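Peer 1: data_37.txt is reproduced in full below (compact mmCIF, C-alpha atoms).
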# COMPACT_ATOMS: atom_id res chain seq x y z
CA MET P 76 44.24 -40.36 115.56
CA ASN P 77 47.54 -42.08 116.23
CA GLU P 78 47.73 -45.77 117.15
CA ARG P 79 46.49 -46.23 120.69
CA ARG P 80 49.11 -46.40 123.41
CA TRP P 81 48.45 -48.34 126.62
CA ASP P 82 51.72 -47.53 128.39
CA PHE P 83 50.05 -45.70 131.30
CA ALA P 84 46.52 -47.12 131.31
CA SER P 85 47.42 -49.63 134.03
CA ASP P 86 50.39 -51.55 135.34
CA ASN P 87 48.42 -54.57 134.11
CA THR P 88 49.00 -53.60 130.47
CA SER P 89 52.71 -54.42 130.58
CA GLY P 90 53.97 -57.90 129.78
CA ILE P 91 55.79 -60.45 131.91
CA SER P 92 59.27 -59.47 133.04
CA PRO P 93 62.13 -61.38 131.37
CA LYS P 94 63.20 -63.00 134.64
CA ALA P 95 59.67 -64.20 135.40
CA TRP P 96 59.30 -65.49 131.85
CA ALA P 97 62.62 -67.36 132.06
CA ALA P 98 61.57 -68.90 135.38
CA MET P 99 58.37 -70.24 133.84
CA ALA P 100 60.35 -71.68 130.92
CA GLU P 101 62.70 -73.42 133.35
CA ALA P 102 59.73 -74.86 135.26
CA ASN P 103 58.38 -76.23 131.98
CA GLU P 104 60.87 -79.09 131.94
CA GLY P 105 59.63 -82.59 132.71
CA PHE P 106 56.87 -83.89 134.95
CA LEU P 107 56.12 -82.73 138.49
CA PRO P 108 53.33 -83.27 141.02
CA SER P 109 50.18 -81.19 140.66
CA TYR P 110 48.28 -78.76 142.89
CA GLY P 111 51.29 -77.23 144.64
CA ASP P 112 53.08 -80.41 145.70
CA ASP P 113 56.06 -79.52 143.52
CA LYS P 114 59.54 -78.26 144.29
CA TYR P 115 58.91 -74.78 142.86
CA THR P 116 55.91 -74.08 145.09
CA GLU P 117 57.83 -75.30 148.12
CA ALA P 118 60.83 -73.14 147.22
CA ALA P 119 58.64 -70.09 146.60
CA ALA P 120 56.99 -70.42 150.01
CA ASP P 121 60.42 -70.73 151.62
CA ALA P 122 61.58 -67.64 149.73
CA PHE P 123 58.72 -65.65 151.22
CA ARG P 124 59.71 -66.84 154.69
CA GLU P 125 63.25 -65.63 154.06
CA VAL P 126 62.17 -62.26 152.72
CA PHE P 127 59.72 -61.63 155.57
CA GLU P 128 61.97 -63.15 158.23
CA ILE P 129 59.16 -65.21 159.74
CA ASP P 130 57.70 -68.71 159.42
CA CYS P 131 54.56 -67.64 157.55
CA GLU P 132 51.98 -69.66 155.61
CA VAL P 133 51.91 -68.87 151.89
CA PHE P 134 49.28 -69.62 149.24
CA PHE P 135 49.18 -68.69 145.55
CA VAL P 136 46.04 -67.60 143.69
CA PHE P 137 45.40 -66.24 140.22
CA ASN P 138 44.39 -62.64 140.91
CA GLY P 139 44.05 -59.90 143.48
CA THR P 140 40.29 -60.11 143.84
CA ALA P 141 40.57 -63.74 144.88
CA ALA P 142 43.49 -63.00 147.20
CA ASN P 143 41.69 -60.21 149.04
CA SER P 144 38.28 -61.85 149.10
CA LEU P 145 39.43 -65.25 150.31
CA ALA P 146 41.79 -63.71 152.86
CA LEU P 147 39.00 -61.57 154.31
CA ALA P 148 36.64 -64.54 154.31
CA SER P 149 39.16 -66.51 156.35
CA LEU P 150 39.09 -63.78 159.00
CA CYS P 151 35.32 -63.34 159.25
CA GLN P 152 31.98 -64.92 159.89
CA SER P 153 28.98 -63.77 157.89
CA TYR P 154 27.73 -61.61 160.77
CA HIS P 155 31.02 -59.70 161.01
CA SER P 156 32.13 -56.52 159.26
CA VAL P 157 35.34 -55.22 157.68
CA ILE P 158 36.48 -51.63 158.17
CA CYS P 159 38.14 -50.15 155.09
CA HIS P 160 38.59 -46.82 153.33
CA GLU P 161 35.76 -45.75 151.05
CA THR P 162 38.16 -45.80 148.08
CA ALA P 163 39.68 -49.20 148.93
CA HIS P 164 39.83 -51.69 146.08
CA VAL P 165 37.81 -54.24 148.07
CA GLU P 166 34.97 -51.70 148.05
CA THR P 167 35.25 -50.03 144.65
CA ASP P 168 36.55 -52.66 142.23
CA GLU P 169 35.85 -56.23 143.30
CA CYS P 170 32.19 -56.63 142.30
CA GLY P 171 31.08 -57.64 145.78
CA ALA P 172 33.52 -60.56 145.92
CA PRO P 173 34.56 -59.94 149.56
CA GLU P 174 30.91 -60.12 150.62
CA PHE P 175 30.24 -63.10 148.36
CA PHE P 176 33.10 -65.30 149.55
CA SER P 177 32.44 -64.46 153.21
CA ASN P 178 28.71 -65.25 152.88
CA GLY P 179 27.68 -61.66 153.52
CA THR P 180 30.29 -59.96 155.70
CA LYS P 181 29.55 -56.22 155.52
CA LEU P 182 32.12 -53.60 154.52
CA LEU P 183 32.07 -50.53 156.78
CA LEU P 184 33.43 -47.53 154.91
CA ALA P 185 35.42 -44.65 156.33
CA GLY P 186 36.73 -41.49 154.76
CA GLY P 187 40.13 -39.94 155.19
CA PRO P 188 42.43 -37.68 153.17
CA ASN P 189 44.47 -39.15 150.32
CA GLY P 190 42.92 -42.60 150.64
CA LYS P 191 44.23 -43.24 154.15
CA LEU P 192 42.33 -44.20 157.29
CA SER P 193 42.86 -42.25 160.48
CA LEU P 194 42.75 -43.49 164.05
CA ASP P 195 39.64 -41.40 164.73
CA THR P 196 37.66 -42.80 161.80
CA VAL P 197 38.57 -46.39 162.65
CA ASP P 198 37.80 -45.93 166.32
CA HIS P 199 34.45 -44.34 165.44
CA LEU P 200 33.39 -47.31 163.32
CA ILE P 201 34.51 -49.83 165.93
CA MET P 202 32.61 -48.09 168.70
CA LYS P 203 29.63 -46.79 166.68
CA ARG P 204 27.41 -49.76 167.52
CA ARG P 205 28.10 -52.59 169.97
CA ASP P 206 24.67 -54.22 170.00
CA ILE P 207 23.66 -57.54 168.51
CA HIS P 208 21.63 -55.87 165.73
CA TYR P 209 24.74 -54.50 164.00
CA PRO P 210 27.43 -56.47 162.12
CA ARG P 211 30.31 -56.74 164.55
CA PRO P 212 33.60 -55.15 163.34
CA HIS P 213 36.12 -57.96 163.08
CA VAL P 214 38.74 -56.93 160.50
CA LEU P 215 40.63 -53.77 159.61
CA SER P 216 41.70 -53.69 155.96
CA LEU P 217 44.57 -51.42 154.87
CA SER P 218 46.07 -50.89 151.43
CA ALA P 219 49.76 -50.44 150.66
CA PRO P 220 49.86 -48.34 148.55
CA THR P 221 46.34 -46.95 148.79
CA GLU P 222 44.03 -46.82 145.80
CA LEU P 223 45.13 -43.20 145.39
CA GLY P 224 48.82 -44.09 145.25
CA THR P 225 49.67 -42.83 148.72
CA LEU P 226 51.55 -44.63 151.46
CA TYR P 227 51.11 -45.47 155.11
CA ARG P 228 54.37 -45.15 157.04
CA PRO P 229 55.22 -48.06 159.36
CA GLU P 230 54.43 -45.99 162.45
CA GLU P 231 50.98 -45.14 161.04
CA ILE P 232 50.24 -48.83 160.43
CA ARG P 233 51.46 -49.71 163.93
CA GLU P 234 49.04 -47.22 165.50
CA LEU P 235 46.09 -48.49 163.42
CA THR P 236 46.82 -52.15 164.06
CA ALA P 237 47.30 -51.54 167.79
CA LEU P 238 43.86 -49.93 167.91
CA ALA P 239 42.34 -52.78 165.90
CA HIS P 240 43.94 -55.51 168.01
CA SER P 241 42.90 -53.80 171.23
CA HIS P 242 39.28 -54.37 170.15
CA GLY P 243 39.88 -57.92 168.94
CA LEU P 244 40.05 -57.10 165.22
CA LYS P 245 42.41 -58.84 162.79
CA VAL P 246 44.34 -56.83 160.21
CA HIS P 247 44.41 -57.50 156.47
CA MET P 248 46.66 -55.66 154.02
CA ASP P 249 45.86 -55.34 150.33
CA GLY P 250 49.33 -55.26 148.81
CA THR P 251 48.58 -55.52 145.12
CA ARG P 252 51.43 -53.01 144.65
CA PHE P 253 53.27 -53.98 147.84
CA ALA P 254 56.62 -53.97 146.03
CA ASN P 255 56.09 -50.31 145.07
CA ALA P 256 55.41 -49.43 148.70
CA ILE P 257 58.55 -51.19 149.92
CA ALA P 258 60.68 -49.59 147.21
CA ALA P 259 59.31 -46.12 147.95
CA LEU P 260 59.61 -46.32 151.74
CA GLY P 261 63.02 -47.97 151.80
CA VAL P 262 62.02 -50.41 154.54
CA ASN P 263 62.18 -54.19 154.56
CA PRO P 264 58.96 -56.21 154.12
CA ALA P 265 58.77 -57.24 157.77
CA GLN P 266 58.81 -53.60 158.88
CA LEU P 267 55.65 -52.83 156.92
CA THR P 268 53.75 -55.99 157.83
CA TRP P 269 53.97 -58.39 160.77
CA GLN P 270 56.36 -56.25 162.80
CA VAL P 271 53.73 -53.50 162.85
CA GLY P 272 50.75 -55.79 163.44
CA VAL P 273 49.53 -57.01 160.04
CA ASP P 274 48.04 -60.52 160.26
CA VAL P 275 47.68 -61.37 156.57
CA LEU P 276 49.08 -59.75 153.42
CA CYS P 277 47.90 -60.13 149.83
CA PHE P 278 51.17 -59.64 147.95
CA GLY P 279 50.67 -58.68 144.31
CA GLY P 280 52.77 -60.50 141.74
CA THR P 281 51.03 -59.48 138.53
CA LYS P 282 51.92 -55.81 138.91
CA THR P 283 55.43 -56.77 139.99
CA GLY P 284 56.13 -58.36 136.60
CA LEU P 285 54.66 -61.85 136.92
CA GLY P 286 52.06 -63.15 134.52
CA LEU P 287 49.45 -64.40 136.97
CA SER P 288 50.22 -65.01 140.61
CA GLU P 289 49.26 -63.34 143.86
CA ALA P 290 50.55 -64.57 147.20
CA VAL P 291 48.39 -64.69 150.32
CA VAL P 292 50.80 -64.53 153.23
CA PHE P 293 49.54 -65.40 156.71
CA PHE P 294 51.88 -64.11 159.41
CA ASN P 295 49.41 -65.40 161.99
CA ARG P 296 49.52 -69.04 160.92
CA THR P 297 46.44 -70.08 162.90
CA LEU P 298 44.33 -67.88 160.62
CA ALA P 299 45.37 -69.98 157.61
CA GLU P 300 43.61 -73.10 158.82
CA GLU P 301 41.86 -74.79 155.87
CA PHE P 302 42.65 -71.84 153.58
CA ASP P 303 43.67 -74.38 150.94
CA TYR P 304 40.07 -75.63 150.94
CA ARG P 305 38.83 -72.07 150.34
CA CYS P 306 41.16 -71.81 147.36
CA LYS P 307 39.94 -75.09 145.91
CA GLN P 308 36.27 -74.22 146.38
CA ALA P 309 36.77 -70.81 144.76
CA GLY P 310 38.49 -72.24 141.68
CA GLN P 311 41.85 -70.82 142.72
CA LEU P 312 43.83 -74.04 143.18
CA ALA P 313 46.04 -74.26 140.11
CA SER P 314 46.71 -77.77 138.86
CA LYS P 315 50.05 -76.63 137.40
CA MET P 316 50.97 -74.48 140.38
CA ARG P 317 54.67 -74.59 139.48
CA PHE P 318 54.14 -71.93 136.80
CA MET P 319 52.63 -69.55 139.36
CA ALA P 320 55.37 -70.25 141.89
CA ALA P 321 58.53 -70.42 139.80
CA PRO P 322 58.85 -66.67 139.08
CA TRP P 323 58.80 -65.94 142.82
CA VAL P 324 61.68 -68.39 143.28
CA LYS P 325 63.79 -66.36 140.86
CA MET P 326 62.69 -62.84 141.81
CA LEU P 327 62.43 -62.84 145.60
CA PRO P 328 65.90 -63.98 146.74
CA ASP P 329 67.94 -61.62 144.54
CA GLY P 330 65.74 -58.55 145.10
CA SER P 331 64.71 -58.22 141.46
CA TRP P 332 61.07 -57.97 142.59
CA LEU P 333 62.00 -54.51 143.86
CA GLU P 334 63.97 -53.34 140.84
CA GLY P 335 61.00 -53.01 138.52
CA SER P 336 58.90 -51.35 141.21
CA SER P 337 61.66 -48.84 141.97
CA HIS P 338 61.81 -48.05 138.26
CA ALA P 339 58.02 -47.59 138.11
CA ASN P 340 58.13 -45.21 141.07
CA HIS P 341 60.94 -43.27 139.41
CA CYS P 342 58.91 -42.92 136.20
CA ALA P 343 55.92 -41.54 138.11
CA ALA P 344 58.12 -38.96 139.83
CA LEU P 345 59.68 -38.03 136.48
CA LEU P 346 56.27 -37.48 134.89
CA VAL P 347 55.22 -35.14 137.69
CA ASP P 348 58.44 -33.18 137.37
CA LEU P 349 58.12 -32.82 133.59
CA ILE P 350 54.58 -31.41 133.72
CA LYS P 351 54.91 -29.23 136.82
CA ASP P 352 54.71 -26.00 134.80
CA ALA P 353 51.85 -27.04 132.50
CA PRO P 354 49.01 -24.48 132.86
CA ASP P 355 45.73 -25.67 134.42
CA VAL P 356 47.11 -29.16 135.14
CA GLU P 357 46.53 -30.05 138.78
CA ARG P 358 48.05 -32.93 140.73
CA LEU P 359 45.23 -34.41 142.81
CA PHE P 360 47.15 -36.52 145.34
CA PRO P 361 50.74 -36.84 146.53
CA VAL P 362 52.78 -39.02 144.18
CA GLU P 363 54.40 -41.51 146.52
CA ALA P 364 54.60 -44.69 144.45
CA ASN P 365 53.83 -45.43 140.77
CA ALA P 366 50.47 -43.66 140.30
CA VAL P 367 49.89 -40.10 139.10
CA PHE P 368 46.41 -38.58 139.40
CA LEU P 369 45.81 -35.34 137.50
CA ARG P 370 42.91 -32.99 136.95
CA LEU P 371 43.16 -32.02 133.30
CA PRO P 372 41.25 -29.37 131.36
CA GLN P 373 39.17 -30.72 128.49
CA ARG P 374 41.63 -29.39 125.91
CA VAL P 375 44.29 -31.69 127.34
CA HIS P 376 41.98 -34.71 127.32
CA ASP P 377 41.13 -33.94 123.68
CA HIS P 378 44.80 -33.59 122.73
CA LEU P 379 45.79 -36.83 124.48
CA LYS P 380 42.96 -38.64 122.72
CA ARG P 381 44.17 -37.36 119.36
CA ARG P 382 47.66 -38.51 120.22
CA GLY P 383 46.39 -42.00 121.02
CA TRP P 384 46.94 -42.17 124.79
CA SER P 385 44.76 -44.53 126.82
CA TYR P 386 44.21 -43.92 130.54
CA TYR P 387 41.49 -44.22 133.14
CA ILE P 388 39.24 -41.51 134.47
CA PHE P 389 39.37 -42.61 138.06
CA ILE P 390 38.23 -41.81 141.59
CA GLY P 391 37.23 -38.16 141.95
CA GLY P 392 37.11 -37.61 138.19
CA GLY P 393 40.87 -37.40 137.81
CA ALA P 394 42.99 -38.92 135.07
CA ARG P 395 45.11 -41.78 136.38
CA PHE P 396 48.47 -42.60 134.84
CA MET P 397 50.15 -45.79 136.08
CA CYS P 398 53.80 -46.61 135.60
CA SER P 399 55.05 -50.20 135.54
CA TRP P 400 58.29 -52.16 135.57
CA ALA P 401 58.26 -51.90 131.75
CA THR P 402 57.57 -48.15 131.42
CA SER P 403 60.31 -46.40 129.49
CA GLU P 404 61.60 -42.91 130.22
CA ASP P 405 61.04 -42.13 126.54
CA ALA P 406 57.34 -42.95 126.97
CA VAL P 407 57.19 -40.73 130.07
CA ARG P 408 58.73 -37.87 128.10
CA ASP P 409 56.34 -38.44 125.18
CA LEU P 410 53.33 -38.32 127.50
CA ALA P 411 54.61 -35.27 129.37
CA LYS P 412 55.23 -33.48 126.07
CA ASP P 413 51.68 -34.14 124.90
CA ILE P 414 50.18 -33.04 128.24
CA CYS P 415 52.16 -29.80 128.07
CA GLU P 416 51.23 -29.24 124.42
CA GLY P 417 47.55 -29.74 125.17
CA ALA P 418 47.70 -27.44 128.17
CA ALA P 419 49.38 -24.71 126.11
CA GLN P 420 46.56 -24.64 123.56
CA THR P 421 44.05 -21.83 123.74
Please re-express this file's structure in structure tokens.
Peer 2:
Amino acid sequence: MNERRWDFASDNTSGISPKAWAAMAEANEGFLPSYGDDKYTEAAADAFREVFEIDCEVFFVFNGTAANSLALASLCQSYHSVICHETAHVETDECGAPEFFSNGTKLLLAGGPNGKLSLDTVDHLIMKRRDIHYPRPHVLSLSAPTELGTLYRPEEIRELTALAHSHGLKVHMDGTRFANAIAALGVNPAQLTWQVGVDVLCFGGTKTGLGLSEAVVFFNRTLAEEFDYRCKQAGQLASKMRFMAAPWVKMLPDGSWLEGSSHANHCAALLVDLIKDAPDVERLFPVEANAVFLRLPQRVHDHLKRRGWSYYIFIGGGARFMCSWATSEDAVRDLAKDICEGAAQT
């Protein structure tokens, strides 16, 4: 077997982008206050306010699980519930952290094609039970992109948030790949968030090329009250916060946070195009961002294993291939060639 290749296993397997790395090196000069009271953290928060065109509250945590879980906990009491898609990351991949940090808030799961919630499914869960014996729906959680790599359009989000707000629910957005969604849709960040009713966004930095930093962005500032205490209690208050904040200072103002995500989306589209004629290879979901889900015959799995490719068998039994800011077109062509070779075997 060839040396293992991790190019498409996850967009977490890539390194730190050169600009983010340079920003951390710059922040490494001298002594600065701890716990976010430094000039880099202040500048990063201001950069988010510029990008989103609103005076939002911004907090930085180490990872997406903490971002989502603490954000949801800030919106809920323990007797509340969160409506999300059955494939949402908060349900499938966070080890019960949303329930843990909210002291037991229940997740109410809904189906829907291609990982997206519909108005009917959300309305059904809101209205299903209104009595005191049932955990009261209090938050709608959306993902951009979804766990299946698909996208809500701004008008779809507006309809869902309007329904949620009409029943007194707050709206959380899991944006671990938010940059990929913005790059794919060609809208500005405000148009996919607060302008269409999102109250709090968890903006992924790790998959955008940073080393470790996720931003929790409260567009409804009143919901951020004492969120800093939640971060401290959960072990998410970095003593040297400047190293989490500095890359945002470099990457947000000049738009470079979008460049790598646009490239990742392009690589995913290229992969789909290169394998479109491979026999018995089925695309499971629309490819709208940087994820490609395929149903592969066993002969292709065997061939890819021999060739050293690493990838996840994901939701629905499909093979998931993720492209990142660092994915090369040569790697895409190598993978496509091996998929086609495996499919051609008899």
Peer 1: Per residue of segment 240-358 of chain P within 9 Å of segment 100-119 of chain P, what are the shortest atom pair and its distance in Å to one decimal, counting all atoms listed in the file, with rows by chain and residue number, as a Markdown table?
Peer 2:
| residue | atom | partner | partner_atom | distance |
| --- | --- | --- | --- | --- |
| P:Leu312 | CA | P:Tyr110 | CA | 6.5 |
| P:Ala313 | CA | P:Tyr110 | CA | 5.7 |
| P:Ser314 | CA | P:Tyr110 | CA | 4.4 |
| P:Lys315 | CA | P:Ser109 | CA | 5.6 |
| P:Met316 | CA | P:Gly111 | CA | 5.1 |
| P:Arg317 | CA | P:Tyr115 | CA | 5.4 |
| P:Phe318 | CA | P:Ala102 | CA | 6.5 |
| P:Met319 | CA | P:Thr116 | CA | 8.0 |
| P:Ala320 | CA | P:Thr116 | CA | 5.0 |
| P:Ala321 | CA | P:Tyr115 | CA | 5.3 |
| P:Pro322 | CA | P:Ala119 | CA | 8.3 |
| P:Trp323 | CA | P:Ala119 | CA | 5.6 |
| P:Val324 | CA | P:Ala119 | CA | 4.8 |
| P:Lys325 | CA | P:Ala119 | CA | 8.6 |
| P:Leu327 | CA | P:Ala119 | CA | 8.2 |
Peer 1: If I take atom CA of Cys131 of chain P and atom CA of Arg211 of chain P, how far is one from the other in Å, to one decimal?
Peer 2: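 Between atom CA of Cys131 of chain P and atom CA of Arg211 of chain P the gap works out to 27.5 Å.
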Peer 1: Gly139 of chain P: which residues within 10 Å, counting all atoms listed in the file, same-chain residues fewer than 3 positions away excluded, as a compact mmCIF listing (two decimals) with C-alpha atoms, in the frame of the given file?
Peer 2:
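Saved result, around_39.txt, follows:
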# COMPACT_ATOMS: atom_id res chain seq x y z
CA VAL P 136 46.04 -67.60 143.69
CA ALA P 142 43.49 -63.00 147.20
CA ASN P 143 41.69 -60.21 149.04
CA SER P 144 38.28 -61.85 149.10
CA LEU P 145 39.43 -65.25 150.31
CA HIS P 164 39.83 -51.69 146.08
CA VAL P 165 37.81 -54.24 148.07
CA GLU P 169 35.85 -56.23 143.30
CA ASP P 249 45.86 -55.34 150.33
CA GLY P 250 49.33 -55.26 148.81
CA THR P 251 48.58 -55.52 145.12
CA CYS P 277 47.90 -60.13 149.83
CA PHE P 278 51.17 -59.64 147.95
CA GLY P 279 50.67 -58.68 144.31
CA GLY P 280 52.77 -60.50 141.74
CA THR P 281 51.03 -59.48 138.53
CA LYS P 282 51.92 -55.81 138.91
CA LEU P 287 49.45 -64.40 136.97
CA SER P 288 50.22 -65.01 140.61
CA GLU P 289 49.26 -63.34 143.86
CA ALA P 290 50.55 -64.57 147.20
CA VAL P 291 48.39 -64.69 150.32
Peer 1: Compile the contact shell of Ala185 of chain P as a list in words: residues with an atom at most 8 Å away, counting only C-alpha atoms, same-chain residues fewer than 3 positions apart removed.
Peer 2: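 My list of contacting residues is Ile158, Cys159, His160, Glu161, Leu192, Thr196, Val197 and Leu200 of chain P.
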Peer 1: What are the centre and the three edge lengths of an axis-aligned box that wraps all atoms of segment 352-364 of chain P in the file, given that 5 Å is added to every side, written as JSON and rounded to one decimal in Å?
Peer 2:
{"center_x": 50.0, "center_y": -34.6, "center_z": 139.5, "size_x": 19.5, "size_y": 30.2, "size_z": 24.0}
Peer 1: Quick one, how far is atom CA of Ala122 of chain P from atom CA of Pro328 of chain P?
Peer 2: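 It comes out at 6.4 Å.
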Peer 1: Taking all atoms listed in the file into account, which of P:Arg79, P:Lys191, P:Arg374, P:Arg381 comes nearest Thr221 of chain P?
Peer 2: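 For Thr221 of chain P, the nearest of the candidates is P:Lys191.
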Peer 1: Compare P:Gln308, P:Ser399, P:Thr236, P:Ser149 by their minimum atom-to-atom distance to Ser336 of chain P, counting all atoms listed in the file, and give me the closest one.
Peer 2: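 With all atoms listed in the file as the atom set, the closest residue is P:Ser399.
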Peer 1: If you count only C-alpha atoms, which residues fall within 8 Å of segment 242-248 of chain P, apart from same-chain ones fewer than 4 positions away, as a list in words?
Peer 2: Ala146, Leu147, Leu150, Ile201, Pro212, His213, Val214, Leu215, Ser216, Leu217, Ser218, Ala219, Thr236, Leu238, Gly272, Val273, Asp274, Val275, Leu276 and Cys277 of chain P
